[in-house]
$ cat structure_16.txt   # compact mmCIF, C-alpha atoms
# COMPACT_ATOMS: atom_id res chain seq x y z
CA MET A 245 100.11 96.46 81.49
CA TYR A 246 98.05 96.35 84.72
CA LEU A 247 95.57 98.91 83.45
CA ASP A 248 95.20 97.68 79.86
CA GLN A 249 91.62 96.55 80.49
CA ALA A 250 90.75 99.83 82.24
CA LYS A 251 92.25 101.84 79.37
CA THR A 252 90.32 99.83 76.80
CA LEU A 253 87.10 100.27 78.78
CA PHE A 254 87.75 104.00 79.15
CA ALA A 255 88.28 104.38 75.40
CA THR A 256 85.37 102.13 74.42
CA LEU A 257 82.96 104.06 76.62
CA HIS A 258 84.24 107.40 75.25
CA ILE A 259 84.99 108.93 78.64
CA ALA A 260 86.92 112.20 78.50
CA ALA A 261 89.61 110.85 76.18
CA HIS A 262 90.69 114.30 75.01
CA GLU A 263 90.80 115.71 78.53
CA ILE A 264 93.40 113.38 80.03
CA SER A 265 96.27 115.09 81.84
CA GLN A 266 99.22 112.86 82.64
CA CYS A 267 101.91 113.05 85.29
CA THR A 268 105.48 113.10 84.14
CA GLU A 269 108.01 110.45 85.06
CA THR A 270 109.83 113.18 86.99
CA GLU A 271 106.73 113.84 89.11
CA VAL A 272 106.36 110.13 89.83
CA ALA A 273 110.03 109.90 90.83
CA GLN A 274 109.61 112.93 93.11
CA LEU A 275 106.58 111.31 94.74
CA GLU A 276 108.51 108.10 95.34
CA GLN A 277 111.33 110.11 96.87
CA GLN A 278 108.90 111.95 99.18
CA LEU A 279 107.25 108.68 100.20
CA GLY A 280 110.54 106.90 100.66
CA HIS A 281 109.08 103.93 98.83
CA ALA A 282 108.48 102.74 95.27
CA ILE A 283 104.96 103.25 93.98
CA PRO A 284 103.14 100.06 92.93
CA ALA A 285 103.36 99.51 89.17
CA ALA A 286 99.58 99.70 88.60
CA TYR A 287 99.31 103.04 90.38
CA CYS A 288 102.39 104.36 88.61
CA GLU A 289 100.66 103.44 85.35
CA PHE A 290 97.57 105.39 86.50
CA LEU A 291 99.63 108.49 87.31
CA LEU A 292 101.39 108.36 83.94
CA TRP A 293 98.01 107.91 82.23
CA MET A 294 95.75 110.43 84.01
CA GLY A 295 97.47 111.53 87.20
CA HIS A 296 96.43 115.17 86.80
CA GLY A 297 92.85 114.37 85.85
CA ALA A 298 90.58 113.21 83.06
CA GLY A 299 87.77 115.66 82.50
CA ASN A 300 84.67 114.80 84.50
CA PHE A 301 85.92 111.32 85.37
CA LEU A 302 86.24 111.15 89.17
CA ARG A 303 85.38 114.85 89.43
CA GLY A 304 84.33 115.68 92.98
CA SER A 305 86.86 113.20 94.33
CA ASP A 306 90.40 114.06 95.28
CA VAL A 307 92.37 111.56 93.23
CA SER A 308 94.84 113.66 91.28
CA TYR A 309 98.55 113.99 91.94
CA GLU A 310 97.98 117.40 93.55
CA HIS A 311 95.84 115.90 96.31
CA LEU A 312 98.05 113.01 97.35
CA ARG A 313 99.86 114.97 100.06
CA SER A 314 96.67 116.13 101.76
CA ASN A 315 94.63 112.95 101.37
CA VAL A 316 96.28 111.07 104.24
CA SER A 317 95.56 113.86 106.73
CA ALA A 318 91.97 114.09 105.45
CA ALA A 319 91.55 110.32 105.95
CA ARG A 320 92.96 110.45 109.49
CA GLU A 321 90.70 113.40 110.32
CA LEU A 322 87.65 111.48 109.08
CA LEU A 323 88.54 108.52 111.28
CA ARG A 324 88.97 110.84 114.31
CA GLU A 325 85.67 112.63 113.61
CA ASN A 326 83.88 109.29 113.60
CA ASN A 327 85.63 108.00 116.74
CA ILE A 328 87.22 105.16 114.81
CA SER A 329 90.21 104.04 116.82
CA LEU A 330 91.99 102.61 113.80
CA ASP A 331 94.90 104.28 112.09
CA LEU A 332 96.25 103.91 108.61
CA PRO A 333 99.19 101.61 108.02
CA VAL A 334 102.54 103.39 107.95
CA ASP A 335 102.92 102.69 104.24
CA ALA A 336 99.35 103.67 103.25
CA LEU A 337 98.93 105.84 100.18
CA VAL A 338 95.50 107.45 100.35
CA PHE A 339 94.88 107.93 96.65
CA TYR A 340 91.16 108.76 96.88
CA THR A 341 89.03 110.91 99.12
CA HIS A 342 85.50 111.96 98.33
CA GLN A 343 83.84 115.04 99.75
CA GLY A 344 85.13 114.47 103.26
CA TYR A 345 83.16 111.33 104.03
CA GLN A 346 85.03 108.49 102.38
CA PHE A 347 88.53 107.46 101.37
CA ALA A 348 90.46 104.62 99.80
CA TYR A 349 94.08 103.59 100.09
CA PHE A 350 96.52 100.83 99.35
CA GLN A 351 99.74 99.86 101.04
CA LEU A 352 102.90 100.68 99.15
CA SER A 353 104.42 97.36 100.19
CA ALA A 354 101.50 95.22 98.98
CA GLY A 355 102.74 94.40 95.48
CA ASP A 356 102.47 95.78 91.98
CA ASN A 357 98.64 95.83 91.88
CA PRO A 358 97.75 96.12 95.58
CA PRO A 359 94.40 95.58 97.30
CA VAL A 360 92.32 98.71 97.87
CA TYR A 361 90.97 99.44 101.34
CA TYR A 362 88.04 101.75 102.03
CA TYR A 363 86.26 103.64 104.75
CA GLY A 364 82.96 105.47 104.33
CA GLU A 365 81.24 107.55 106.98
CA GLY A 366 77.65 106.63 107.79
CA GLU A 367 77.70 103.21 106.17
CA GLY A 368 77.14 101.41 109.45
CA VAL A 369 80.58 99.85 109.29
CA GLU A 370 83.07 101.13 111.81
CA GLU A 371 86.09 99.62 110.17
CA ILE A 372 88.34 99.92 107.22
CA ARG A 373 87.61 97.08 104.83
CA GLU A 374 89.09 95.67 101.67
CA LEU A 375 87.04 97.03 98.81
CA TYR A 376 88.83 95.47 95.83
CA PRO A 377 91.50 92.80 95.55
CA CYS A 378 93.58 95.10 93.36
CA PHE A 379 93.88 98.72 92.24
CA SER A 380 93.04 97.87 88.62
CA ASP A 381 89.65 96.46 89.73
CA PHE A 382 88.93 99.69 91.61
CA LEU A 383 89.64 101.74 88.51
CA GLU A 384 87.59 99.51 86.21
CA ARG A 385 84.55 99.73 88.53
CA GLU A 386 84.90 103.53 88.70
CA ILE A 387 85.00 103.72 84.89
CA GLU A 388 81.92 101.51 84.61
CA GLY A 389 80.10 103.60 87.22
CA HIS A 390 80.96 106.82 85.40
CA ALA A 391 79.76 105.37 82.10
CA GLU A 392 76.46 104.43 83.73
CA LEU A 393 76.02 107.99 85.00
CA LEU A 394 76.66 109.31 81.49
CA ARG A 395 74.07 106.89 80.03
CA GLU A 396 71.49 107.95 82.61
CA ALA A 397 72.13 111.63 81.90
CA ALA A 398 71.75 111.03 78.16
CA GLU A 399 68.46 109.20 78.74
CA ARG A 400 67.15 112.09 80.87
CA GLN A 401 68.10 114.57 78.14
CA ALA A 402 66.39 112.44 75.50
CA LYS A 403 63.20 112.29 77.58
CA LYS A 404 63.20 116.08 77.97
CA ARG A 405 63.25 116.49 74.18
CA LEU A 406 60.22 114.25 73.65
CA PRO A 407 56.93 116.12 73.13
$ encode --input "structure_16.txt" --output "structure tokens"
Amino acid sequence: MYLDQAKTLFATLHIAAHEISQCTETEVAQLEQQLGHAIPAAYCEFLLWMGHGAGNFLRGSDVSYEHLRSNVSAARELLRENNISLDLPVDALVFYTHQGYQFAYFQLSAGDNPPVYYYGEGEGVEEIRELYPCFSDFLEREIEGHAELLREAAERQAKKRLP
């Protein structure tokens, strides 16, 4: 529903289709119970689609179900390390961290396809900012970026084979 375009893009670009590992509805329900809040529909759709990973897609980033519990503490630690006096909203779900220098979250209370907020160390911005107006946009941009990396790698391989 919310991720139909992302799923089509993912399939069209042939990204790790056979390596998708989904969360179960039981796992999603357990997460909601732990959070004390319903998960936005778009993110629930993501978890039920590829919540345990999808091959190389988003590899190097902590986005899978297994990382959700530790992501919020990693995000807070990054803010402290950079002397950022902001804190995360009480209902923030940090769904993405990347190699200890960036993170993204949405607020559980911000609707079915919530805005995504972001902080990145060393970007000259000492604030958390809205990165995308909705989670589905975040995911579509990540898919497009991954596809571009795959194209560039294929081009490099092709150049190596030329005499």
$ residues_around --input "structure_16.txt" --residues "Leu291 (chain A)" --least-positions-apart "2" --cutoff "9 Å" --atoms "all atoms listed in the file" --output "number ranges by chain"
A: 266-269, 272, 286-289, 293-296, 308-309
$ residues_around --input "structure_16.txt" --residues "region 324-331 of chain A" --least-positions-apart "5" --cutoff "10 Å" --atoms "all atoms listed in the file" --output "PyMOL selection string"
chain A and resi 318-319+336+345+365-366+370-372
$ closest_residue --input "structure_16.txt" --among "A:Leu322, A:Arg405, A:Phe339, A:Arg400" --to "Phe382 (chain A)" --atoms "all atoms listed in the file"
A:Phe339
$ atom_distance --input "structure_16.txt" --atom1 "CA of Val307 (chain A)" --atom2 "CA of Glu263 (chain A)"
15.4 Å
$ closest_residue --input "structure_16.txt" --among "A:Glu386, A:Cys378, A:Gln278, A:Ser265" --to "Gly355 (chain A)" --atoms "all atoms listed in the file"
A:Cys378
$ residues_around --input "structure_16.txt" --residues "Tyr376 (chain A)" --least-positions-apart "2" --cutoff "9 Å" --atoms "only C-alpha atoms" --output "compact mmCIF listing (two decimals) with C-alpha atoms, in the frame of the given file"
# COMPACT_ATOMS: atom_id res chain seq x y z
CA PRO A 358 97.75 96.12 95.58
CA PRO A 359 94.40 95.58 97.30
CA VAL A 360 92.32 98.71 97.87
CA TYR A 361 90.97 99.44 101.34
CA TYR A 362 88.04 101.75 102.03
CA GLU A 374 89.09 95.67 101.67
CA CYS A 378 93.58 95.10 93.36
CA PHE A 379 93.88 98.72 92.24
CA SER A 380 93.04 97.87 88.62
CA ASP A 381 89.65 96.46 89.73
CA PHE A 382 88.93 99.69 91.61
$ closest_residue --input "structure_16.txt" --among "A:Leu302, A:Leu337, A:Ala260, A:Tyr363" --to "Ser317 (chain A)" --atoms "all atoms listed in the file"
A:Leu337
$ atom_distance --input "structure_16.txt" --atom1 "CA of Phe254 (chain A)" --atom2 "CA of Gly297 (chain A)"
13.4 Å
$ atom_distance --input "structure_16.txt" --atom1 "CA of Asn300 (chain A)" --atom2 "CA of Leu393 (chain A)"
11.0 Å
$ closest_residue --input "structure_16.txt" --among "A:His258, A:His342, A:Arg385, A:His281" --to "Ser305 (chain A)" --atoms "all atoms listed in the file"
A:His342
$ decode --input "structure_16.txt" --residues "region 289-301 of chain A" --atoms "all heavy atoms" --output "PDB file, in the first residue's frame"
ATOM      1  N   GLU A 289       4.714  -2.177   7.055  1.00  0.00           N
ATOM      2  CA  GLU A 289       4.820  -2.797   5.727  1.00  0.00           C
ATOM      3  C   GLU A 289       6.290  -3.137   5.406  1.00  0.00           C
ATOM      4  O   GLU A 289       6.580  -4.203   4.858  1.00  0.00           O
ATOM      5  CB  GLU A 289       4.257  -1.813   4.701  1.00  0.00           C
ATOM      6  CG  GLU A 289       3.750  -2.417   3.439  1.00  0.00           C
ATOM      7  CD  GLU A 289       3.109  -1.375   2.529  1.00  0.00           C
ATOM      8  OE1 GLU A 289       2.478  -0.411   3.014  1.00  0.00           O
ATOM      9  OE2 GLU A 289       3.244  -1.535   1.302  1.00  0.00           O
ATOM     10  N   PHE A 290       7.195  -2.223   5.749  1.00  0.00           N
ATOM     11  CA  PHE A 290       8.628  -2.467   5.539  1.00  0.00           C
ATOM     12  C   PHE A 290       9.087  -3.691   6.329  1.00  0.00           C
ATOM     13  O   PHE A 290       9.772  -4.561   5.796  1.00  0.00           O
ATOM     14  CB  PHE A 290       9.438  -1.229   5.958  1.00  0.00           C
ATOM     15  CG  PHE A 290      10.912  -1.474   6.039  1.00  0.00           C
ATOM     16  CD1 PHE A 290      11.695  -1.503   4.896  1.00  0.00           C
ATOM     17  CD2 PHE A 290      11.526  -1.685   7.268  1.00  0.00           C
ATOM     18  CE1 PHE A 290      13.068  -1.745   4.964  1.00  0.00           C
ATOM     19  CE2 PHE A 290      12.891  -1.917   7.351  1.00  0.00           C
ATOM     20  CZ  PHE A 290      13.666  -1.951   6.190  1.00  0.00           C
ATOM     21  N   LEU A 291       8.725  -3.744   7.606  1.00  0.00           N
ATOM     22  CA  LEU A 291       9.145  -4.872   8.445  1.00  0.00           C
ATOM     23  C   LEU A 291       8.623  -6.196   7.891  1.00  0.00           C
ATOM     24  O   LEU A 291       9.359  -7.199   7.866  1.00  0.00           O
ATOM     25  CB  LEU A 291       8.662  -4.679   9.879  1.00  0.00           C
ATOM     26  CG  LEU A 291       9.327  -3.554  10.670  1.00  0.00           C
ATOM     27  CD1 LEU A 291       8.625  -3.368  12.006  1.00  0.00           C
ATOM     28  CD2 LEU A 291      10.812  -3.819  10.863  1.00  0.00           C
ATOM     29  N   LEU A 292       7.381  -6.200   7.452  1.00  0.00           N
ATOM     30  CA  LEU A 292       6.786  -7.429   6.920  1.00  0.00           C
ATOM     31  C   LEU A 292       7.317  -7.774   5.530  1.00  0.00           C
ATOM     32  O   LEU A 292       7.154  -8.890   5.058  1.00  0.00           O
ATOM     33  CB  LEU A 292       5.262  -7.308   6.896  1.00  0.00           C
ATOM     34  CG  LEU A 292       4.599  -7.211   8.267  1.00  0.00           C
ATOM     35  CD1 LEU A 292       3.120  -6.888   8.131  1.00  0.00           C
ATOM     36  CD2 LEU A 292       4.807  -8.489   9.074  1.00  0.00           C
ATOM     37  N   TRP A 293       7.981  -6.825   4.897  1.00  0.00           N
ATOM     38  CA  TRP A 293       8.575  -7.040   3.579  1.00  0.00           C
ATOM     39  C   TRP A 293      10.036  -7.478   3.714  1.00  0.00           C
ATOM     40  O   TRP A 293      10.450  -8.491   3.167  1.00  0.00           O
ATOM     41  CB  TRP A 293       8.460  -5.769   2.751  1.00  0.00           C
ATOM     42  CG  TRP A 293       9.124  -5.778   1.405  1.00  0.00           C
ATOM     43  CD1 TRP A 293       9.338  -6.854   0.580  1.00  0.00           C
ATOM     44  CD2 TRP A 293       9.648  -4.661   0.722  1.00  0.00           C
ATOM     45  NE1 TRP A 293       9.964  -6.451  -0.574  1.00  0.00           N
ATOM     46  CE2 TRP A 293      10.157  -5.105  -0.514  1.00  0.00           C
ATOM     47  CE3 TRP A 293       9.720  -3.302   1.020  1.00  0.00           C
ATOM     48  CZ2 TRP A 293      10.743  -4.253  -1.451  1.00  0.00           C
ATOM     49  CZ3 TRP A 293      10.296  -2.455   0.103  1.00  0.00           C
ATOM     50  CH2 TRP A 293      10.802  -2.926  -1.126  1.00  0.00           C
ATOM     51  N   MET A 294      10.850  -6.710   4.444  1.00  0.00           N
ATOM     52  CA  MET A 294      12.280  -7.000   4.528  1.00  0.00           C
ATOM     53  C   MET A 294      12.873  -6.610   5.884  1.00  0.00           C
ATOM     54  O   MET A 294      13.999  -6.146   5.969  1.00  0.00           O
ATOM     55  CB  MET A 294      13.031  -6.296   3.399  1.00  0.00           C
ATOM     56  CG  MET A 294      12.971  -4.786   3.445  1.00  0.00           C
ATOM     57  SD  MET A 294      14.105  -3.940   2.296  1.00  0.00           S
ATOM     58  CE  MET A 294      13.479  -4.389   0.696  1.00  0.00           C
ATOM     59  N   GLY A 295      12.131  -6.825   6.935  1.00  0.00           N
ATOM     60  CA  GLY A 295      12.551  -6.402   8.257  1.00  0.00           C
ATOM     61  C   GLY A 295      13.801  -7.066   8.811  1.00  0.00           C
ATOM     62  O   GLY A 295      14.454  -6.529   9.704  1.00  0.00           O
ATOM     63  N   HIS A 296      14.151  -8.238   8.276  1.00  0.00           N
ATOM     64  CA  HIS A 296      15.378  -8.908   8.721  1.00  0.00           C
ATOM     65  C   HIS A 296      16.501  -8.782   7.692  1.00  0.00           C
ATOM     66  O   HIS A 296      17.552  -9.387   7.848  1.00  0.00           O
ATOM     67  CB  HIS A 296      15.105 -10.385   9.018  1.00  0.00           C
ATOM     68  CG  HIS A 296      14.336 -10.618  10.275  1.00  0.00           C
ATOM     69  ND1 HIS A 296      14.856 -10.358  11.517  1.00  0.00           N
ATOM     70  CD2 HIS A 296      13.071 -11.063  10.474  1.00  0.00           C
ATOM     71  CE1 HIS A 296      13.953 -10.662  12.444  1.00  0.00           C
ATOM     72  NE2 HIS A 296      12.856 -11.075  11.840  1.00  0.00           N
ATOM     73  N   GLY A 297      16.268  -7.998   6.649  1.00  0.00           N
ATOM     74  CA  GLY A 297      17.323  -7.734   5.685  1.00  0.00           C
ATOM     75  C   GLY A 297      16.950  -8.106   4.269  1.00  0.00           C
ATOM     76  O   GLY A 297      15.982  -8.823   4.019  1.00  0.00           O
ATOM     77  N   ALA A 298      17.763  -7.612   3.342  1.00  0.00           N
ATOM     78  CA  ALA A 298      17.556  -7.867   1.914  1.00  0.00           C
ATOM     79  C   ALA A 298      18.895  -7.888   1.199  1.00  0.00           C
ATOM     80  O   ALA A 298      19.236  -6.983   0.444  1.00  0.00           O
ATOM     81  CB  ALA A 298      16.633  -6.822   1.313  1.00  0.00           C
ATOM     82  N   GLY A 299      19.671  -8.916   1.478  1.00  0.00           N
ATOM     83  CA  GLY A 299      20.968  -9.040   0.811  1.00  0.00           C
ATOM     84  C   GLY A 299      21.874  -7.865   1.100  1.00  0.00           C
ATOM     85  O   GLY A 299      22.012  -7.437   2.245  1.00  0.00           O
ATOM     86  N   ASN A 300      22.440  -7.301   0.047  1.00  0.00           N
ATOM     87  CA  ASN A 300      23.358  -6.165   0.198  1.00  0.00           C
ATOM     88  C   ASN A 300      22.646  -4.827   0.343  1.00  0.00           C
ATOM     89  O   ASN A 300      23.291  -3.816   0.610  1.00  0.00           O
ATOM     90  CB  ASN A 300      24.320  -6.086  -0.990  1.00  0.00           C
ATOM     91  CG  ASN A 300      25.380  -7.141  -0.913  1.00  0.00           C
ATOM     92  OD1 ASN A 300      25.782  -7.559   0.171  1.00  0.00           O
ATOM     93  ND2 ASN A 300      25.848  -7.597  -2.061  1.00  0.00           N
ATOM     94  N   PHE A 301      21.338  -4.818   0.147  1.00  0.00           N
ATOM     95  CA  PHE A 301      20.603  -3.559   0.264  1.00  0.00           C
ATOM     96  C   PHE A 301      20.666  -3.065   1.706  1.00  0.00           C
ATOM     97  O   PHE A 301      20.305  -3.781   2.634  1.00  0.00           O
ATOM     98  CB  PHE A 301      19.148  -3.739  -0.182  1.00  0.00           C
ATOM     99  CG  PHE A 301      18.328  -2.501  -0.064  1.00  0.00           C
ATOM    100  CD1 PHE A 301      18.660  -1.363  -0.772  1.00  0.00           C
ATOM    101  CD2 PHE A 301      17.228  -2.453   0.779  1.00  0.00           C
ATOM    102  CE1 PHE A 301      17.907  -0.194  -0.658  1.00  0.00           C
ATOM    103  CE2 PHE A 301      16.467  -1.301   0.893  1.00  0.00           C
ATOM    104  CZ  PHE A 301      16.816  -0.171   0.169  1.00  0.00           C
TER     105      PHE A 301
END
